[in-house]
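Below is one structure, written out as structure tokens; the observations come after it.
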Amino acid sequence: MAGESNGAPPSGASIAQVAAPAPANEPLAATNPEKLTPAQLKAKAKAEKAARRAQVKEARAAVVTAPPTSQAGGAGADAKGGKGKGKQDGQLGGQGKGGHLHAHRPSVSGRRPSMPPVERDVRGGIPECFSHISMAKRIPLSQAHKDVHPAVLVIGQQMATFALKDSISRLRATLLAFRKVIEPYETPKGNSLSRHFVPHVLNPQIEYLTECRPMCFAMGNAIRLLKAKVNKFDIDTPEDEAKEGLLEWIDFLINERITLAEYVIAQNAAQSINDGDTIVTYGRHRLVEKTLLGAKKIGKSFDVTIIDDPYELGGQELATVLREAGIDVVYSPNLGGLRPKVAAASNLFLGGEAIFANGALQAPSGTADVAMAAMNAGAKVIVLCETINFDRERVSVDALTYNEIDPERCTAESFRLLFDNTHDKYITGVITEFEFGGGNSPAQAILALLRKQEDPLIA
Amino acid sequence: MAPSQPSHTPNLDKLIKSLRVQSLEASIESLIFLLKRRQVKGDECARATAQILRQVVAKSKWHDVDQLLSRVQSAGLRLTQAAPHEPVIGNIVRRVLGLIRDEACEDRNADDLGSEAASDIQSLAPTAPPPQKPALVPIRPAPSILTTGLQVSKSMFNLLSVADPGDTPMTGASTPMSQAQPASVHALRSEVMDGIEEILDEIHQADDQIASFADIQIHPGDYVLVYQPSRTVEKFLIKAASKRRFTVIIGSLDPPSPSATEAPYAALRKKLNAAGVQTINLASNGLMAYIPRVNKVIFGAKAVYQNGGLLVDSGSCIAAHAAHEYLKPVIVLCGVYKFCPEDPSDEVSQGALGNPSSFVSYGNGQAVNGLEIENTVTDYIPPELVDVYLTNLGPQTRHHLASILADHYKTEDIGFSFQLGEP
């Protein structure tokens, strides 16, 4: 029951189930379809369930007493049939219209007056003051745009379910999927790749991915670069050559900006650890993990305090991994006692999701609190971040500008934003794959460099 | 849940019920056990301490003020040692000690009057009967003024009273003394017990009095972040909800346990929603993301130290820091009885550690073996992060705390635990 009012994923099935009320209940629901408090919703759902049960019972009883031509039995069967049909209708409608912007609407055909509140439940549970923030949602495969490539469909689902979670793994998956989109691509007669590919092939993929979960800034950067790359091709470039060029370019991007970057950052960061340091980190981030393991491997002796987010528990996995590598670990399951813990530390290592043009770091919720406490306690706050995550256009002064709502916790009963913003002033330095100044510079310096640099990747 | 099963777990209410039947020693012991097991904690400690000290005054054997003081001191010391993490206990003990000193002072003064002047003086001035301490409302600022005025007579009388017990056996003239002492002992006993009753009333009413300031602090349309709302905060919000439309954002440190059937703070949220106040439960540790939306941060304190620093449930510190960063006011709700005339110790600022088993299960051998798990349950908040101390005497700033402390505690009682602790 709780799941239904809790904004369960809007898979067609669950909607149809909730929305198969006994006819007797419909007028009641129709009187106030707009604003239903969670309690009311719950009560309604309960009533519907009770009615449904009663009906089924009635039908069964009727079947038992007078199997072939019972009025009541007929009604019961009707109700069940209606439910099945509704589900089917929805799916067919979704495919027929093909507009994935309204992907979830057709399944909620206007036929049923009790539908609207259920449909609103997906985003309707979000408190008003956070309603501007976007949220990932699962789109049934059958409701996706017909032009979406299967590989993209898969990663779309993985992103919506947070199986692909952090920005870099999403970026890598996206680029690999785009490779699969490009490989079989054939330019239609009378068109050229540079004119046709982006609007007709690439954009539907991007739209679908955005629909599944708002793109991270790394993906945005990569796609911008990819489009620029495509536009650079001369109209007369042979298709094979252009495709070859694009595939090579994608490989190059993955290599340079992801694989090598990760290696270089981890190495630089590991070098910056001194013997006897106490390193604090928050949650579990790939780069921080690599750094700490790398530092241990090159013989540094240090210990680690892991501060975890009890709603994610990634830190616990990290703690086990580090422990196995022989690093002394103090594990703090929540942000309690933050001040004394960071006060004892020399460095705070943070991983980031993105860095904005004003130097603010977007990172998992709670990072800003830890960074602030560490900075106030005199520890160095070091952010590990690939340059592909730098956003050179957007400026974010608070976490409510660019953020995402956790689709699992999107109601007033339990609400959570995925990210927060760490102000520039709480970051001592950012370690990127650029090897200048020891690779350890304030975000603004790196941004300045990025701005000046003509992106060599497009040329 | 609680009433359905007449559980066997001891709690404060049972203890208070049993006070009449149990011997004093047994009552003290059972409270000490409750405190050690943390079955009595937080605000309950104040009430429990006052109740027990009331029993000490009523039941223990004492013949003069000093004996009474030392009885109360030693009982108080045992309680504070049983729960060093609850400074409120010490506060109440100090309050009671101060109360005894005041009453004794007045008493002696009255005795002086009675002995010097004839009994007709007393009959002439029945409007101010000395034994009946004027019910000074819970504020009690007057005692300090009174005592300074009466210091001389007190010290003079002290000479006599110290001499008394010594005299009695020597002279053998026990008759006059035994007549005089019981009367004054009896009077003092009932006065002190009345005084403790007043302290109990004060503790009882503190939440409501704090709540009466709710509509001054909360404005229509506000977004109020409350952190792990205590009963005091709940009353405050509900009171505010009767006058204002605002939104309450509830933060908490730990996720609800998977076995919990309803969302956290469901009862509070129901009440607030019924009054038209929206509520949002945050499922997040970090609060920086939400603070830009918030107008003010409210939470309760376990104790306020004399420098203005707070002892709080851990996590409130995150809220205070985040609010400070965005220059949002931090309002702390605490009864005056939580004001502690001490400085925070190092242990306090390090925070107390709690049970980690809700985060790492004992079944996870690898983690239990390899990890050092620190689940901090209390935090210290430095004074500069707090804007308003909202007490039952009204809103205060930290610059005014010293005078409140001076009004409520006697300097000689501040270190009572050390005085006894030495031998």
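Each chain of the structure tokens is named A, B, ... in the order shown, its residues numbered from 1; ligands are numbered from 1 in display order.
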
Chain B contacts to chain A at 9 Å (only C-alpha atoms) as an MDAnalysis selection string: chainID B and resid 253:255 263:264 266 278:293 313:318 321:322 325 349:353 356 359:360 366:367 370:380

Shell around Ile355 (chain A) at 10 Å using only C-alpha atoms, local window under 6 positions removed, as a ChimeraX atom specification: /A:217-218,361-363,383,385-392,394-396,421-422,424,430,443-444,447

How about saving the chosen residues, C-alpha atoms kept, as a CSV table (one decimal), in the first residue's frame?
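again_31.csv, freshly written:
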chain,number,residue,atom,x,y,z
A,217,PHE,CA,27.3,17.7,-17.2
A,218,ALA,CA,29.9,15.3,-18.5
A,361,LEU,CA,31.4,21.6,-6.8
A,362,GLN,CA,28.3,19.5,-7.3
A,363,ALA,CA,28.7,16.3,-5.4
A,383,VAL,CA,38.5,17.5,-5.0
A,385,CYS,CA,37.5,15.5,-10.8
A,386,GLU,CA,38.0,14.9,-14.5
A,387,THR,CA,38.0,17.9,-16.7
A,388,ILE,CA,35.1,16.5,-18.7
A,389,ASN,CA,33.0,17.2,-15.6
A,390,PHE,CA,33.7,20.9,-15.7
A,391,ASP,CA,30.8,22.9,-16.9
A,392,ARG,CA,31.9,26.1,-18.4
A,394,ARG,CA,26.4,27.2,-15.9
A,395,VAL,CA,26.8,29.0,-12.7
A,396,SER,CA,25.3,27.6,-9.6
A,421,ASN,CA,26.8,22.5,-3.9
A,422,THR,CA,30.1,23.1,-2.2
A,424,ASP,CA,34.5,27.5,-4.1
A,430,VAL,CA,41.1,20.4,-7.5
A,443,ALA,CA,39.0,25.3,-9.6
A,444,GLN,CA,39.0,28.8,-11.0
A,447,LEU,CA,38.4,26.8,-15.5

Expected answer as a list in words: helix (DSSP H, G or I) residues in region 369-403 of chain A: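 After running DSSP on the backbone, region 369-403 of chain A has helix (DSSP H, G or I) at Asp369, Val370, Ala371, Met372, Ala373, Ala374, Met375, Asn376, Ala377, Thr387, Ile388 and Asn389 of chain A.
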
Atoms kept (all heavy atoms) for selection, written as a CSV table (one decimal), in the first residue's frame:
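Listed below is the output, again.csv:
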chain,number,residue,atom,x,y,z
A,369,ASP,N,28.6,19.8,3.6
A,369,ASP,CA,28.7,19.9,5.0
A,369,ASP,C,30.0,19.5,5.5
A,369,ASP,O,30.7,20.1,6.4
A,369,ASP,CB,27.6,19.1,5.7
A,369,ASP,CG,26.2,19.5,5.3
A,369,ASP,OD1,25.7,19.1,4.2
A,369,ASP,OD2,25.6,20.3,6.0
A,370,VAL,N,30.5,18.3,4.9
A,370,VAL,CA,31.8,17.8,5.3
A,370,VAL,C,32.9,18.8,4.9
A,370,VAL,O,33.8,19.0,5.7
A,370,VAL,CB,32.0,16.4,4.7
A,370,VAL,CG1,33.3,15.8,5.1
A,370,VAL,CG2,30.9,15.5,5.1
A,371,ALA,N,32.8,19.3,3.7
A,371,ALA,CA,33.9,20.2,3.2
A,371,ALA,C,34.0,21.4,4.0
A,371,ALA,O,35.0,21.9,4.4
A,371,ALA,CB,33.6,20.5,1.7
A,372,MET,N,32.8,22.0,4.4
A,372,MET,CA,32.8,23.2,5.2
A,372,MET,C,33.4,22.9,6.6
A,372,MET,O,34.2,23.7,7.1
A,372,MET,CB,31.4,23.7,5.4
A,372,MET,CG,31.3,25.0,6.1
A,372,MET,SD,29.6,25.6,6.1
A,372,MET,CE,28.8,24.3,7.1
A,373,ALA,N,33.0,21.8,7.2
A,373,ALA,CA,33.5,21.5,8.5
A,373,ALA,C,35.0,21.3,8.4
A,373,ALA,O,35.8,21.7,9.3
A,373,ALA,CB,32.8,20.2,9.0
A,374,ALA,N,35.5,20.6,7.4
A,374,ALA,CA,36.9,20.3,7.3
A,374,ALA,C,37.7,21.6,7.1
A,374,ALA,O,38.7,21.9,7.7
A,374,ALA,CB,37.2,19.4,6.1
A,375,MET,N,37.2,22.5,6.2
A,375,MET,CA,37.9,23.7,6.0
A,375,MET,C,37.9,24.6,7.2
A,375,MET,O,39.0,25.1,7.6
A,375,MET,CB,37.1,24.5,4.9
A,375,MET,CG,37.9,25.6,4.2
A,375,MET,SD,39.4,25.0,3.5
A,375,MET,CE,39.5,25.8,2.0
A,376,ASN,N,36.8,24.6,8.0
A,376,ASN,CA,36.8,25.4,9.2
A,376,ASN,C,37.7,24.8,10.2
A,376,ASN,O,38.2,25.5,11.1
A,376,ASN,CB,35.4,25.4,9.8
A,376,ASN,CG,34.5,26.3,9.0
A,376,ASN,OD1,34.9,27.2,8.3
A,376,ASN,ND2,33.2,26.1,9.0
A,377,ALA,N,38.0,23.5,10.2
A,377,ALA,CA,38.8,22.8,11.1
A,377,ALA,C,40.3,22.9,10.7
A,377,ALA,O,41.2,22.4,11.4
A,377,ALA,CB,38.4,21.4,11.4
A,387,THR,N,38.4,16.7,-16.1
A,387,THR,CA,38.0,17.9,-16.7
A,387,THR,C,36.7,17.8,-17.5
A,387,THR,O,36.0,18.9,-17.7
A,387,THR,CB,39.1,18.5,-17.6
A,387,THR,OG1,39.5,17.5,-18.5
A,387,THR,CG2,40.3,19.0,-16.8
A,388,ILE,N,36.3,16.6,-17.9
A,388,ILE,CA,35.1,16.5,-18.7
A,388,ILE,C,33.9,16.9,-17.8
A,388,ILE,O,32.8,17.2,-18.3
A,388,ILE,CB,35.0,15.1,-19.3
A,388,ILE,CG1,33.9,15.0,-20.3
A,388,ILE,CG2,34.7,14.1,-18.2
A,388,ILE,CD1,34.3,15.5,-21.7
A,389,ASN,N,34.1,16.8,-16.5
A,389,ASN,CA,33.0,17.2,-15.6
A,389,ASN,C,32.8,18.7,-15.4
A,389,ASN,O,31.9,19.1,-14.7
A,389,ASN,CB,33.2,16.5,-14.2
A,389,ASN,CG,32.9,15.0,-14.3
A,389,ASN,OD1,31.9,14.6,-14.9
A,389,ASN,ND2,33.7,14.2,-13.6

Nearest residue to Lys239 (chain B) from the set B:Ile216, B:Ile52, B:Ala46, B:Val21 (distances using only C-alpha atoms): B:Ile216

Within 7 Å of Ala82 (chain B) using only C-alpha atoms, minus same-chain residues under 4 positions, as a list of chain:residue names: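 The residues satisfying every condition are B:Ile32, B:Leu35, B:Lys36, B:Arg78.
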
Spatial neighbours of Glu29 (chain B), max dist 10 Å, only C-alpha atoms, sep filter under 4 positions, as JSON, numbers by chain: {"B": [23, 24, 25, 33, 34, 35, 75, 78, 79, 82]}

DSSP-assigned strand (DSSP E or B) among region 324-423 of chain A, expressed as a ChimeraX atom specification: /A:328-332,347-351,354-355,361-364,380-384,390,404-411,414-417,419-422

Residue contacts of Ile206 (chain A) (12 Å, only C-alpha atoms) excluding same-chain residues fewer than 4 positions away, as a PyMOL selection string: chain A and resi 145+147-149+152-153+155-156+174-175+177-178+181+198-202+210-216+219-220+222-224+226-227

Got time to write the residues from that selection, N, CA, C and O atoms, as a CSV table (one decimal), in the first residue's frame?
chain,number,residue,atom,x,y,z
A,145,HIS,N,10.7,6.0,-27.9
A,145,HIS,CA,10.6,6.4,-29.2
A,145,HIS,C,11.1,5.3,-30.1
A,145,HIS,O,12.1,4.6,-29.8
A,147,ASP,N,12.8,5.3,-32.7
A,147,ASP,CA,14.2,5.5,-33.3
A,147,ASP,C,15.3,5.2,-32.3
A,147,ASP,O,16.4,5.3,-32.6
A,148,VAL,N,14.9,5.0,-31.0
A,148,VAL,CA,15.9,4.8,-30.0
A,148,VAL,C,16.6,3.5,-30.2
A,148,VAL,O,16.0,2.4,-30.3
A,149,HIS,N,17.9,3.5,-30.3
A,149,HIS,CA,18.7,2.3,-30.5
A,149,HIS,C,18.6,1.4,-29.2
A,149,HIS,O,18.6,1.9,-28.1
A,152,VAL,N,21.0,2.1,-26.5
A,152,VAL,CA,20.7,3.3,-25.7
A,152,VAL,C,19.5,3.0,-24.8
A,152,VAL,O,19.4,3.5,-23.7
A,153,LEU,N,18.5,2.2,-25.3
A,153,LEU,CA,17.4,1.8,-24.4
A,153,LEU,C,17.9,1.2,-23.1
A,153,LEU,O,17.5,1.5,-22.1
A,155,ILE,N,20.9,1.4,-21.7
A,155,ILE,CA,21.6,2.3,-20.7
A,155,ILE,C,20.6,3.3,-20.1
A,155,ILE,O,20.8,3.8,-19.0
A,156,GLY,N,19.6,3.7,-20.9
A,156,GLY,CA,18.5,4.5,-20.4
A,156,GLY,C,17.9,3.9,-19.1
A,156,GLY,O,17.7,4.6,-18.1
A,174,THR,N,27.3,6.0,-22.3
A,174,THR,CA,26.7,6.7,-23.3
A,174,THR,C,27.6,6.7,-24.6
A,174,THR,O,27.1,6.5,-25.7
A,175,LEU,N,28.8,6.9,-24.4
A,175,LEU,CA,29.7,7.0,-25.6
A,175,LEU,C,29.8,5.6,-26.3
A,175,LEU,O,29.7,5.5,-27.5
A,177,ALA,N,27.5,3.4,-26.2
A,177,ALA,CA,26.2,3.1,-26.9
A,177,ALA,C,26.2,3.9,-28.2
A,177,ALA,O,25.6,3.5,-29.2
A,178,PHE,N,26.7,5.1,-28.2
A,178,PHE,CA,26.7,6.0,-29.4
A,178,PHE,C,27.5,5.3,-30.5
A,178,PHE,O,27.2,5.4,-31.7
A,181,VAL,N,25.4,3.1,-32.1
A,181,VAL,CA,24.4,3.8,-33.0
A,181,VAL,C,25.1,4.2,-34.3
A,181,VAL,O,24.5,4.1,-35.4
A,198,VAL,N,22.8,14.1,-36.8
A,198,VAL,CA,22.5,14.7,-35.5
A,198,VAL,C,21.0,14.9,-35.3
A,198,VAL,O,20.4,14.4,-34.4
A,199,PRO,N,20.3,15.6,-36.2
A,199,PRO,CA,18.9,15.8,-35.9
A,199,PRO,C,18.0,14.5,-36.0
A,199,PRO,O,17.1,14.4,-35.2
A,200,HIS,N,18.4,13.6,-36.9
A,200,HIS,CA,17.5,12.4,-37.0
A,200,HIS,C,17.9,11.2,-36.3
A,200,HIS,O,17.1,10.3,-36.0
A,201,VAL,N,19.1,11.1,-36.0
A,201,VAL,CA,19.6,9.8,-35.3
A,201,VAL,C,20.0,10.1,-33.9
A,201,VAL,O,19.6,9.5,-33.0
A,202,LEU,N,20.9,11.1,-33.8
A,202,LEU,CA,21.5,11.3,-32.4
A,202,LEU,C,20.4,12.0,-31.5
A,202,LEU,O,20.3,11.5,-30.3
A,210,THR,N,17.7,11.8,-21.7
A,210,THR,CA,17.4,12.9,-20.8
A,210,THR,C,16.1,12.6,-20.1
A,210,THR,O,15.9,13.0,-18.9
A,211,GLU,N,15.2,12.0,-20.9
A,211,GLU,CA,13.9,11.6,-20.3
A,211,GLU,C,14.1,10.6,-19.1
A,211,GLU,O,13.4,10.7,-18.1
A,212,CYS,N,15.0,9.7,-19.3
A,212,CYS,CA,15.2,8.7,-18.3
A,212,CYS,C,15.8,9.3,-17.1
A,212,CYS,O,15.4,9.0,-16.0
A,213,ARG,N,16.8,10.1,-17.3
A,213,ARG,CA,17.4,10.8,-16.1
A,213,ARG,C,18.1,12.0,-16.7
A,213,ARG,O,18.8,11.9,-17.7
A,214,PRO,N,17.9,13.2,-16.1
A,214,PRO,CA,18.6,14.4,-16.6
A,214,PRO,C,20.1,14.1,-16.8
A,214,PRO,O,20.7,13.5,-16.0
A,215,MET,N,20.6,14.6,-18.0
A,215,MET,CA,22.0,14.3,-18.3
A,215,MET,C,22.9,14.9,-17.3
A,215,MET,O,22.6,16.0,-16.8
A,216,CYS,N,24.0,14.3,-17.0
A,216,CYS,CA,25.0,14.9,-16.2
A,216,CYS,C,25.8,15.8,-17.1
A,216,CYS,O,25.8,15.7,-18.3
A,219,MET,N,28.1,14.3,-19.7
A,219,MET,CA,27.4,13.8,-20.9
A,219,MET,C,27.1,15.0,-21.8
A,219,MET,O,27.3,15.0,-23.0
A,220,GLY,N,26.7,16.1,-21.2
A,220,GLY,CA,26.4,17.3,-21.9
A,220,GLY,C,27.6,17.8,-22.7
A,220,GLY,O,27.6,18.1,-23.9
A,222,ALA,N,30.3,16.0,-23.5
A,222,ALA,CA,30.7,15.1,-24.6
A,222,ALA,C,29.8,15.2,-25.8
A,222,ALA,O,30.2,15.2,-26.9
A,223,ILE,N,28.5,15.4,-25.5
A,223,ILE,CA,27.6,15.4,-26.7
A,223,ILE,C,27.8,16.7,-27.4
A,223,ILE,O,27.7,16.7,-28.7
A,224,ARG,N,28.1,17.8,-26.7
A,224,ARG,CA,28.4,19.0,-27.4
A,224,ARG,C,29.6,18.9,-28.3
A,224,ARG,O,29.6,19.3,-29.5
A,226,LEU,N,30.7,16.0,-29.5
A,226,LEU,CA,30.4,15.1,-30.6
A,226,LEU,C,29.6,15.8,-31.7
A,226,LEU,O,30.0,15.7,-32.9
A,227,LYS,N,28.7,16.7,-31.4
A,227,LYS,CA,27.9,17.4,-32.4
A,227,LYS,C,28.9,18.3,-33.2
A,227,LYS,O,28.8,18.4,-34.4
